[in-house]
>>> print(open('start-v1.cif').read())   # mmCIF, C-alpha atoms
data_run
#
loop_
_atom_site.label_atom_id
_atom_site.label_comp_id
_atom_site.auth_asym_id
_atom_site.auth_seq_id
_atom_site.Cartn_x
_atom_site.Cartn_y
_atom_site.Cartn_z
CA MET A 21 -296.89 -61.54 56.73
CA PRO A 22 -298.33 -61.27 60.28
CA ILE A 23 -296.93 -58.60 62.59
CA MET A 24 -294.76 -60.10 65.34
CA SER A 25 -294.92 -58.97 68.93
CA VAL A 26 -291.72 -57.95 70.70
CA GLN A 27 -291.64 -61.31 72.43
CA GLU A 28 -292.04 -63.21 69.16
CA PHE A 29 -289.34 -61.08 67.54
CA GLU A 30 -286.93 -61.83 70.39
CA ASN A 31 -287.75 -65.55 70.32
CA VAL A 32 -286.86 -65.70 66.63
CA ARG A 33 -283.66 -63.75 67.25
CA TRP A 34 -282.44 -66.04 70.03
CA LYS A 35 -283.23 -69.14 68.01
CA GLU A 36 -281.06 -67.88 65.15
CA LYS A 37 -277.77 -66.96 66.80
CA PRO A 38 -276.16 -66.70 70.24
CA GLN A 39 -274.47 -63.61 71.64
CA LYS A 40 -270.80 -63.00 71.00
CA ARG A 41 -268.54 -61.47 73.63
CA GLU A 42 -268.36 -57.81 72.64
CA PHE A 43 -267.33 -54.44 74.03
CA ARG A 44 -270.53 -53.93 76.02
CA HIS A 45 -270.18 -57.22 77.92
CA ILE A 46 -266.52 -56.67 78.75
CA ALA A 47 -267.04 -53.04 79.75
CA ALA A 48 -270.02 -53.82 81.97
CA ALA A 49 -268.20 -56.67 83.71
CA GLU A 50 -265.26 -54.36 84.42
CA LEU A 51 -267.64 -51.91 86.10
CA ILE A 52 -269.06 -54.53 88.49
CA ALA A 53 -266.96 -55.46 91.49
CA GLU A 54 -269.30 -56.98 94.04
CA GLY A 55 -272.84 -57.55 95.21
CA MET A 56 -275.90 -59.09 93.57
CA VAL A 57 -276.55 -58.21 89.93
CA LEU A 58 -279.72 -58.22 87.83
CA ASP A 59 -279.20 -58.34 84.07
CA VAL A 60 -282.32 -56.90 82.44
CA GLY A 61 -282.68 -58.29 78.94
CA CYS A 62 -280.10 -60.96 79.67
CA GLY A 63 -280.60 -62.82 76.39
CA ASP A 64 -278.89 -66.18 76.40
CA GLY A 65 -276.81 -65.25 79.46
CA LEU A 66 -273.43 -64.13 78.14
CA LEU A 67 -272.96 -61.39 80.75
CA LEU A 68 -274.25 -63.74 83.45
CA SER A 69 -271.60 -66.26 82.40
CA ILE A 70 -268.84 -63.65 82.49
CA LEU A 71 -269.89 -62.54 85.97
CA LYS A 72 -270.05 -66.16 87.12
CA GLU A 73 -266.43 -66.58 86.01
CA SER A 74 -265.58 -63.73 88.42
CA SER A 75 -267.63 -65.30 91.24
CA ILE A 76 -270.16 -62.46 91.12
CA GLU A 77 -273.71 -63.57 91.91
CA ALA A 78 -276.17 -62.56 89.19
CA GLU A 79 -279.49 -63.42 87.67
CA GLY A 80 -281.31 -62.31 84.56
CA ILE A 81 -284.72 -61.53 83.19
CA ASP A 82 -285.70 -61.61 79.54
CA ILE A 83 -288.91 -61.31 77.55
CA SER A 84 -287.93 -64.34 75.46
CA GLU A 85 -288.59 -67.80 76.86
CA VAL A 86 -286.11 -69.12 74.28
CA ALA A 87 -283.36 -66.93 75.75
CA VAL A 88 -284.28 -67.87 79.31
CA ALA A 89 -284.21 -71.57 78.43
CA ALA A 90 -280.71 -71.06 77.00
CA CYS A 91 -279.62 -69.47 80.30
CA ILE A 92 -281.04 -72.29 82.38
CA SER A 93 -279.38 -74.90 80.16
CA LYS A 94 -276.04 -73.27 81.07
CA GLY A 95 -276.76 -73.42 84.79
CA LEU A 96 -277.54 -69.71 85.02
CA LYS A 97 -280.38 -68.16 86.98
CA ALA A 98 -282.96 -66.37 84.83
CA VAL A 99 -286.71 -65.77 84.65
CA GLN A 100 -289.04 -64.87 81.81
CA GLY A 101 -290.93 -61.60 82.12
CA ASP A 102 -292.16 -58.72 79.98
CA PHE A 103 -290.26 -55.77 81.44
CA THR A 104 -291.24 -53.61 78.44
CA VAL A 105 -294.57 -52.90 80.14
CA GLY A 106 -295.30 -52.56 83.84
CA SER A 107 -292.83 -53.12 86.63
CA LEU A 108 -289.94 -55.50 87.18
CA PRO A 109 -291.08 -58.46 89.32
CA PHE A 110 -288.64 -57.74 92.15
CA ALA A 111 -288.86 -55.86 95.45
CA ASP A 112 -287.21 -52.51 96.06
CA HIS A 113 -283.41 -52.70 96.48
CA SER A 114 -283.33 -56.43 95.68
CA PHE A 115 -280.01 -56.09 93.85
CA THR A 116 -276.82 -54.12 94.33
CA THR A 117 -276.56 -53.38 90.62
CA THR A 118 -278.99 -53.54 87.73
CA VAL A 119 -277.70 -53.77 84.15
CA ALA A 120 -279.31 -53.30 80.73
CA LEU A 121 -277.04 -53.72 77.71
CA ASP A 122 -278.47 -52.84 74.30
CA VAL A 123 -281.97 -52.98 75.78
CA LEU A 124 -283.31 -49.43 76.17
CA GLU A 125 -283.39 -48.89 72.41
CA HIS A 126 -285.74 -51.90 72.09
CA VAL A 127 -288.54 -50.60 74.38
CA TYR A 128 -291.22 -47.96 73.86
CA ASP A 129 -290.66 -46.24 77.21
CA PRO A 130 -286.96 -46.44 78.18
CA GLY A 131 -287.44 -43.85 80.93
CA ALA A 132 -289.96 -46.08 82.70
CA LEU A 133 -287.66 -49.10 82.50
CA LEU A 134 -284.73 -47.06 83.80
CA ALA A 135 -286.88 -45.93 86.74
CA GLU A 136 -287.71 -49.57 87.51
CA MET A 137 -284.04 -50.51 87.34
CA GLU A 138 -283.33 -47.70 89.78
CA ARG A 139 -286.07 -48.94 92.11
CA VAL A 140 -284.77 -52.50 92.40
CA ALA A 141 -281.09 -51.48 92.67
CA SER A 142 -279.63 -50.46 96.01
CA LYS A 143 -276.44 -48.92 94.66
CA GLU A 144 -275.73 -48.75 90.92
CA ILE A 145 -277.25 -48.93 87.44
CA ILE A 146 -275.27 -49.76 84.30
CA ILE A 147 -276.64 -48.89 80.88
CA GLY A 148 -275.24 -49.79 77.47
CA VAL A 149 -276.65 -48.36 74.22
CA PRO A 150 -275.40 -48.00 70.64
CA ASN A 151 -274.69 -44.50 69.33
CA PHE A 152 -276.99 -43.74 66.41
CA SER A 153 -275.01 -40.53 65.68
CA SER A 154 -271.61 -42.21 65.29
CA LEU A 155 -269.25 -41.21 62.52
CA PRO A 156 -269.78 -44.49 60.58
CA ALA A 157 -273.56 -43.97 60.74
CA ARG A 158 -273.20 -40.41 59.44
CA LEU A 159 -270.96 -41.58 56.62
CA GLN A 160 -273.48 -44.26 55.65
CA VAL A 161 -276.22 -41.62 55.44
CA LEU A 162 -273.93 -39.36 53.42
CA PHE A 163 -273.48 -42.11 50.86
CA GLY A 164 -277.22 -42.86 50.69
CA LYS A 165 -277.27 -45.97 52.87
CA VAL A 166 -279.42 -46.78 55.89
CA PRO A 167 -277.11 -47.00 58.94
CA GLU A 168 -276.77 -50.49 60.40
CA ASN A 169 -278.48 -49.63 63.70
CA ASN A 170 -281.51 -48.20 61.89
CA ARG A 171 -282.33 -51.35 59.92
CA PRO A 172 -285.54 -53.31 60.69
CA ASN A 173 -283.76 -56.55 61.58
CA LYS A 174 -282.29 -54.84 64.66
CA GLY A 175 -285.70 -54.33 66.31
CA HIS A 176 -284.79 -50.85 67.51
CA LEU A 177 -287.62 -48.58 68.65
CA GLN A 178 -285.49 -45.70 69.96
CA TRP A 179 -282.51 -43.84 68.55
CA PHE A 180 -279.88 -43.11 71.18
CA ASN A 181 -276.92 -40.77 71.13
CA TRP A 182 -275.05 -39.04 73.92
CA PRO A 183 -277.49 -36.09 74.36
CA VAL A 184 -280.51 -38.42 74.42
CA LEU A 185 -278.90 -40.73 76.96
CA THR A 186 -277.88 -37.75 79.08
CA LYS A 187 -281.40 -36.29 78.97
CA ILE A 188 -283.10 -39.52 80.02
CA SER A 189 -280.66 -40.24 82.84
CA GLY A 190 -280.96 -36.61 83.95
CA GLN A 191 -284.65 -37.21 84.64
CA THR A 192 -283.78 -39.81 87.28
CA ASN A 193 -282.08 -39.68 90.65
CA LEU A 194 -278.79 -40.95 89.20
CA ALA A 195 -275.27 -39.56 88.96
CA VAL A 196 -272.75 -40.62 86.31
CA ARG A 197 -269.77 -42.39 87.89
CA GLU A 198 -267.92 -43.84 84.91
CA VAL A 199 -268.28 -43.95 81.14
CA LYS A 200 -266.74 -46.46 78.74
CA VAL A 201 -266.88 -46.11 74.95
CA ASN A 202 -265.60 -47.96 71.94
CA ALA A 203 -264.54 -46.30 68.72
CA PRO A 204 -264.25 -46.97 64.99
CA TRP A 205 -261.10 -48.65 63.72
CA GLU A 206 -259.82 -49.32 67.26
CA ARG A 207 -257.71 -52.29 66.20
CA ILE A 208 -255.70 -50.35 63.63
CA PRO A 209 -252.35 -49.24 65.10
CA VAL A 210 -252.03 -45.50 65.73
CA LEU A 211 -255.42 -44.75 64.13
CA GLY A 212 -257.14 -46.83 66.81
CA GLY A 213 -255.52 -44.87 69.61
CA LEU A 214 -256.53 -41.62 67.96
CA THR A 215 -260.18 -42.57 67.48
CA LYS A 216 -260.39 -43.92 71.03
CA GLY A 217 -259.19 -40.60 72.41
CA LEU A 218 -261.60 -38.72 70.16
CA ALA A 219 -264.45 -40.95 71.33
CA TYR A 220 -263.93 -39.84 74.92
CA ALA A 221 -263.48 -36.20 73.92
CA TRP A 222 -266.45 -36.07 71.53
CA PRO A 223 -268.57 -39.14 72.29
CA ASN A 224 -271.58 -38.13 70.22
CA LEU A 225 -269.52 -38.24 67.03
CA PHE A 226 -266.73 -40.74 67.58
CA ALA A 227 -268.16 -43.33 70.02
CA LEU A 228 -269.80 -46.41 68.54
CA SER A 229 -271.58 -47.18 71.79
CA PHE A 230 -271.69 -46.17 75.44
CA VAL A 231 -271.60 -48.17 78.66
CA VAL A 232 -272.34 -45.90 81.61
CA LYS A 233 -272.30 -46.64 85.34
CA TYR A 234 -274.63 -44.51 87.44
CA ALA A 235 -274.77 -44.29 91.22
CA LYS A 236 -277.98 -43.67 93.11
CA ARG A 237 -277.88 -40.31 94.84
#
>>> encode(input="start-v1.cif", output="structure tokens")
Amino acid sequence: MPIMSVQEFENVRWKEKPQKREFRHIAAAELIAEGMVLDVGCGDGLLLSILKESSIEAEGIDISEVAVAACISKGLKAVQGDFTVGSLPFADHSFTTTVALDVLEHVYDPGALLAEMERVASKEIIIGVPNFSSLPARLQVLFGKVPENNRPNKGHLQWFNWPVLTKISGQTNLAVREVKVNAPWERIPVLGGLTKGLAYAWPNLFALSFVVKYAKR
């Protein structure tokens, strides 16, 4: 079987199934109030659609021409470009906010991409990544299973948890302004409230994923 490039992998993925509205999309949209937004790794445009519903101007960029075509078919603004290498094709401070949801774990140099997102943003950067150290992942390892986020079909090249995310962001000129997390078993009465509180207290263990808003210093 021939080895697929990142672009080919993403094209196959976007042909197979569309995005579903999940925690990361809702959390990111709640963190954006105004201005022009760039969604890096926009996929088929779910976040762009949510922002459009709130009358927030946004456009996307994705490595997959299949994903970009899906955006355009929905009347959304998006361009195709390989942001995994080189620079983003936008001038400095072109956008108020740049966003990357479940993207950094798919690139070889997340620090470089984060620096580019900082360059083209005038005000804020929003990052969303899954937590590879979550309690469910640890339990799966304990019982001899490969955690879901570590499986080949995910296309993950990096393993993120709270310390890793903090270290990378600490190497940039960014300051954390707000953090949103989701937690295991959130929808179960009582237990859900407990795990949500634990996820904010001990994010590296109890959070399933992080959505973080940074402000440029």
>>> resolve_selection(input="start-v1.cif", expression="the PyMOL selection byres ((chain A and resi 198) around 8)", output="JSON list (two decimals) with C-alpha atoms, keeping the file's coordinate frame")
[["chain", "number", "residue", "atom", "x", "y", "z"],
["A", 196, "VAL", "CA", -272.75, -40.62, 86.31],
["A", 197, "ARG", "CA", -269.77, -42.39, 87.89],
["A", 199, "VAL", "CA", -268.28, -43.95, 81.14],
["A", 200, "LYS", "CA", -266.74, -46.46, 78.74],
["A", 232, "VAL", "CA", -272.34, -45.90, 81.61],
["A", 233, "LYS", "CA", -272.30, -46.64, 85.34],
["A", 234, "TYR", "CA", -274.63, -44.51, 87.44]]
>>> closest_atom_pairs(input="start-v1.cif", of="range 54-105 of chain A", to="range 145-148 of chain A", cutoff="12 Å", atoms="only C-alpha atoms", output="JSON lines")
{"residue": "A:Met56", "atom": "CA", "partner": "A:Ile145", "partner_atom": "CA", "distance": 11.9}
{"residue": "A:Val57", "atom": "CA", "partner": "A:Ile145", "partner_atom": "CA", "distance": 9.6}
{"residue": "A:Leu58", "atom": "CA", "partner": "A:Ile145", "partner_atom": "CA", "distance": 9.6}
{"residue": "A:Asp59", "atom": "CA", "partner": "A:Ile146", "partner_atom": "CA", "distance": 9.4}
{"residue": "A:Val60", "atom": "CA", "partner": "A:Ile147", "partner_atom": "CA", "distance": 9.9}
{"residue": "A:Gly61", "atom": "CA", "partner": "A:Ile147", "partner_atom": "CA", "distance": 11.3}
>>> write_last_selection(input="start-v1.cif", atoms="C-alpha atoms", output="CSV table (one decimal), in the frame of the given file")
chain,number,residue,atom,x,y,z
A,56,MET,CA,-275.9,-59.1,93.6
A,57,VAL,CA,-276.6,-58.2,89.9
A,58,LEU,CA,-279.7,-58.2,87.8
A,59,ASP,CA,-279.2,-58.3,84.1
A,60,VAL,CA,-282.3,-56.9,82.4
A,61,GLY,CA,-282.7,-58.3,78.9
>>> closest_residue(input="start-v1.cif", among="A:Lys40, A:Lys97, A:Arg139, A:Arg33", to="Asn193 in chain A", atoms="all atoms listed in the file")
A:Arg139
>>> atom_distance(input="start-v1.cif", atom1="CA of Glu30 in chain A", atom2="CA of Phe152 in chain A")
21.0 Å
>>> atom_distance(input="start-v1.cif", atom1="CA of Ile83 in chain A", atom2="CA of Gly101 in chain A")
5.0 Å
>>> atom_distance(input="start-v1.cif", atom1="CA of Ala87 in chain A", atom2="CA of Ser75 in chain A")
22.1 Å
>>> closest_residue(input="start-v1.cif", among="A:Ile208, A:Leu159, A:Val184, A:Val140", to="Ser114 in chain A", atoms="all atoms listed in the file")
A:Val140
>>> resolve_selection(input="start-v1.cif", expression="the PyMOL selection byres ((chain A and resi 203-206) around 9)", output="list in words")
Ser154, Leu155, Pro156, Val201, Asn202, Arg207, Ile208, Pro209, Val210, Leu211, Gly212, Gly213, Leu214, Thr215, Lys216, Gly217, Leu218, Ala219, Tyr220, Pro223, Phe226, Ala227, Leu228 and Ser229 of chain A
>>> residues_around(input="start-v1.cif", residues="Leu194 in chain A", least_positions_apart="5", cutoff="8 Å", atoms="only C-alpha atoms", output="list in words")
Ser189, Tyr234, Ala235, Lys236 and Arg237 of chain A
>>> write_last_selection(input="start-v1.cif", atoms="C-alpha atoms", output="CSV table (one decimal), in the coordinates of the input")
chain,number,residue,atom,x,y,z
A,189,SER,CA,-280.7,-40.2,82.8
A,234,TYR,CA,-274.6,-44.5,87.4
A,235,ALA,CA,-274.8,-44.3,91.2
A,236,LYS,CA,-278.0,-43.7,93.1
A,237,ARG,CA,-277.9,-40.3,94.8
>>> resolve_selection(input="start-v1.cif", expression="the PyMOL selection byres ((chain A and resi 128) around 12)", output="PDB file with C-alpha atoms, in the frame of the given file")
ATOM      1  CA  VAL A  26    -291.720 -57.950  70.700  1.00  0.00           C
ATOM      2  CA  PHE A 103    -290.260 -55.770  81.440  1.00  0.00           C
ATOM      3  CA  THR A 104    -291.240 -53.610  78.440  1.00  0.00           C
ATOM      4  CA  VAL A 105    -294.570 -52.900  80.140  1.00  0.00           C
ATOM      5  CA  GLY A 106    -295.300 -52.560  83.840  1.00  0.00           C
ATOM      6  CA  VAL A 123    -281.970 -52.980  75.780  1.00  0.00           C
ATOM      7  CA  LEU A 124    -283.310 -49.430  76.170  1.00  0.00           C
ATOM      8  CA  GLU A 125    -283.390 -48.890  72.410  1.00  0.00           C
ATOM      9  CA  HIS A 126    -285.740 -51.900  72.090  1.00  0.00           C
ATOM     10  CA  VAL A 127    -288.540 -50.600  74.380  1.00  0.00           C
ATOM     11  CA  ASP A 129    -290.660 -46.240  77.210  1.00  0.00           C
ATOM     12  CA  PRO A 130    -286.960 -46.440  78.180  1.00  0.00           C
ATOM     13  CA  GLY A 131    -287.440 -43.850  80.930  1.00  0.00           C
ATOM     14  CA  ALA A 132    -289.960 -46.080  82.700  1.00  0.00           C
ATOM     15  CA  LEU A 133    -287.660 -49.100  82.500  1.00  0.00           C
ATOM     16  CA  LEU A 134    -284.730 -47.060  83.800  1.00  0.00           C
ATOM     17  CA  GLY A 175    -285.700 -54.330  66.310  1.00  0.00           C
ATOM     18  CA  HIS A 176    -284.790 -50.850  67.510  1.00  0.00           C
ATOM     19  CA  LEU A 177    -287.620 -48.580  68.650  1.00  0.00           C
ATOM     20  CA  GLN A 178    -285.490 -45.700  69.960  1.00  0.00           C
ATOM     21  CA  TRP A 179    -282.510 -43.840  68.550  1.00  0.00           C
TER      22      TRP A 179
END
>>> closest_residue(input="start-v1.cif", among="A:Glu28, A:Glu144, A:Glu168, A:Glu77", to="Leu51 in chain A", atoms="all atoms listed in the file")
A:Glu144
>>> closest_residue(input="start-v1.cif", among="A:Glu79, A:Glu85, A:Glu73, A:Asp122", to="Val231 in chain A", atoms="only C-alpha atoms")
A:Asp122
>>> decode(input="start-v1.cif", residues="range 160-198 of chain A", atoms="N, CA and C atoms", output="JSON list (two decimals), in the first residue's frame")
[["chain", "number", "residue", "atom", "x", "y", "z"],
["A", 160, "GLN", "N", -7.47, 3.00, 29.26],
["A", 160, "GLN", "CA", -7.32, 2.13, 28.10],
["A", 160, "GLN", "C", -5.94, 1.48, 28.07],
["A", 161, "VAL", "N", -4.90, 2.25, 28.40],
["A", 161, "VAL", "CA", -3.55, 1.70, 28.47],
["A", 161, "VAL", "C", -3.46, 0.65, 29.57],
["A", 162, "LEU", "N", -4.06, 0.95, 30.71],
["A", 162, "LEU", "CA", -4.04, 0.03, 31.84],
["A", 162, "LEU", "C", -4.62, -1.34, 31.47],
["A", 163, "PHE", "N", -5.65, -1.31, 30.63],
["A", 163, "PHE", "CA", -6.29, -2.56, 30.23],
["A", 163, "PHE", "C", -5.75, -3.10, 28.90],
["A", 164, "GLY", "N", -4.57, -2.61, 28.50],
["A", 164, "GLY", "CA", -3.88, -3.17, 27.34],
["A", 164, "GLY", "C", -4.38, -2.73, 25.99],
["A", 165, "LYS", "N", -5.12, -1.62, 25.94],
["A", 165, "LYS", "CA", -5.65, -1.11, 24.68],
["A", 165, "LYS", "C", -4.89, 0.14, 24.25],
["A", 166, "VAL", "N", -4.87, 0.38, 22.95],
["A", 166, "VAL", "CA", -4.29, 1.62, 22.42],
["A", 166, "VAL", "C", -5.35, 2.71, 22.55],
["A", 167, "PRO", "N", -5.02, 3.82, 23.24],
["A", 167, "PRO", "CA", -6.01, 4.90, 23.39],
["A", 167, "PRO", "C", -6.50, 5.41, 22.04],
["A", 168, "GLU", "N", -7.74, 5.85, 22.01],
["A", 168, "GLU", "CA", -8.37, 6.27, 20.76],
["A", 168, "GLU", "C", -7.55, 7.31, 20.01],
["A", 169, "ASN", "N", -7.02, 8.32, 20.71],
["A", 169, "ASN", "CA", -6.29, 9.39, 20.04],
["A", 169, "ASN", "C", -4.94, 8.96, 19.50],
["A", 170, "ASN", "N", -4.46, 7.78, 19.89],
["A", 170, "ASN", "CA", -3.16, 7.29, 19.44],
["A", 170, "ASN", "C", -3.26, 6.34, 18.25],
["A", 171, "ARG", "N", -4.45, 6.11, 17.75],
["A", 171, "ARG", "CA", -4.64, 5.14, 16.67],
["A", 171, "ARG", "C", -4.33, 5.77, 15.30],
["A", 172, "PRO", "N", -3.79, 4.96, 14.37],
["A", 172, "PRO", "CA", -3.34, 5.48, 13.07],
["A", 172, "PRO", "C", -4.40, 6.22, 12.27],
["A", 173, "ASN", "N", -5.65, 5.82, 12.39],
["A", 173, "ASN", "CA", -6.70, 6.46, 11.59],
["A", 173, "ASN", "C", -6.94, 7.91, 11.97],
["A", 174, "LYS", "N", -6.39, 8.35, 13.09],
["A", 174, "LYS", "CA", -6.55, 9.74, 13.53],
["A", 174, "LYS", "C", -5.57, 10.69, 12.81],
["A", 175, "GLY", "N", -4.45, 10.16, 12.32],
["A", 175, "GLY", "CA", -3.48, 11.01, 11.64],
["A", 175, "GLY", "C", -2.72, 11.93, 12.57],
["A", 176, "HIS", "N", -2.60, 11.56, 13.83],
["A", 176, "HIS", "CA", -1.91, 12.42, 14.80],
["A", 176, "HIS", "C", -0.40, 12.21, 14.76],
["A", 177, "LEU", "N", 0.33, 13.32, 14.70],
["A", 177, "LEU", "CA", 1.79, 13.30, 14.69],
["A", 177, "LEU", "C", 2.39, 13.76, 16.01],
["A", 178, "GLN", "N", 1.59, 14.42, 16.83],
["A", 178, "GLN", "CA", 2.04, 14.94, 18.13],
["A", 178, "GLN", "C", 1.10, 14.43, 19.21],
["A", 179, "TRP", "N", 1.63, 14.30, 20.40],
["A", 179, "TRP", "CA", 0.81, 13.93, 21.56],
["A", 179, "TRP", "C", 0.76, 15.12, 22.50],
["A", 180, "PHE", "N", -0.42, 15.70, 22.66],
["A", 180, "PHE", "CA", -0.59, 16.87, 23.51],
["A", 180, "PHE", "C", -1.19, 16.51, 24.85],
["A", 181, "ASN", "N", -0.73, 17.18, 25.89],
["A", 181, "ASN", "CA", -1.41, 17.23, 27.18],
["A", 181, "ASN", "C", -1.21, 18.65, 27.71],
["A", 182, "TRP", "N", -1.66, 18.90, 28.92],
["A", 182, "TRP", "CA", -1.58, 20.27, 29.42],
["A", 182, "TRP", "C", -0.15, 20.79, 29.54],
["A", 183, "PRO", "N", 0.81, 20.03, 30.08],
["A", 183, "PRO", "CA", 2.19, 20.53, 30.15],
["A", 183, "PRO", "C", 2.80, 20.81, 28.77],
["A", 184, "VAL", "N", 2.52, 19.95, 27.80],
["A", 184, "VAL", "CA", 3.07, 20.16, 26.45],
["A", 184, "VAL", "C", 2.49, 21.43, 25.83],
["A", 185, "LEU", "N", 1.18, 21.59, 25.95],
["A", 185, "LEU", "CA", 0.54, 22.79, 25.42],
["A", 185, "LEU", "C", 1.08, 24.04, 26.10],
["A", 186, "THR", "N", 1.24, 23.97, 27.41],
["A", 186, "THR", "CA", 1.77, 25.12, 28.16],
["A", 186, "THR", "C", 3.19, 25.45, 27.74],
["A", 187, "LYS", "N", 4.01, 24.44, 27.51],
["A", 187, "LYS", "CA", 5.40, 24.66, 27.11],
["A", 187, "LYS", "C", 5.49, 25.32, 25.75],
["A", 188, "ILE", "N", 4.71, 24.83, 24.78],
["A", 188, "ILE", "CA", 4.76, 25.40, 23.44],
["A", 188, "ILE", "C", 4.27, 26.85, 23.45],
["A", 189, "SER", "N", 3.15, 27.08, 24.10],
["A", 189, "SER", "CA", 2.61, 28.45, 24.14],
["A", 189, "SER", "C", 3.54, 29.38, 24.91],
["A", 190, "GLY", "N", 4.27, 28.82, 25.89],
["A", 190, "GLY", "CA", 5.21, 29.63, 26.66],
["A", 190, "GLY", "C", 6.39, 30.11, 25.86],
["A", 191, "GLN", "N", 6.62, 29.49, 24.70],
["A", 191, "GLN", "CA", 7.73, 29.88, 23.83],
["A", 191, "GLN", "C", 7.33, 30.99, 22.86],
["A", 192, "THR", "N", 6.09, 31.45, 22.97],
["A", 192, "THR", "CA", 5.59, 32.52, 22.10],
["A", 192, "THR", "C", 5.29, 33.76, 22.94],
["A", 193, "ASN", "N", 4.92, 34.82, 22.25],
["A", 193, "ASN", "CA", 4.59, 36.07, 22.93],
["A", 193, "ASN", "C", 3.09, 36.13, 23.21],
["A", 194, "LEU", "N", 2.57, 35.09, 23.89],
["A", 194, "LEU", "CA", 1.14, 34.96, 24.14],
["A", 194, "LEU", "C", 0.86, 34.80, 25.62],
["A", 195, "ALA", "N", -0.29, 35.30, 26.04],
["A", 195, "ALA", "CA", -0.72, 35.16, 27.43],
["A", 195, "ALA", "C", -2.09, 34.49, 27.46],
["A", 196, "VAL", "N", -2.24, 33.48, 28.32],
["A", 196, "VAL", "CA", -3.52, 32.78, 28.44],
["A", 196, "VAL", "C", -4.58, 33.72, 28.99],
["A", 197, "ARG", "N", -5.73, 33.78, 28.31],
["A", 197, "ARG", "CA", -6.83, 34.63, 28.76],
["A", 197, "ARG", "C", -8.02, 33.80, 29.27],
["A", 198, "GLU", "N", -8.26, 32.67, 28.64],
["A", 198, "GLU", "CA", -9.38, 31.83, 29.08],
["A", 198, "GLU", "C", -9.15, 30.40, 28.61]]
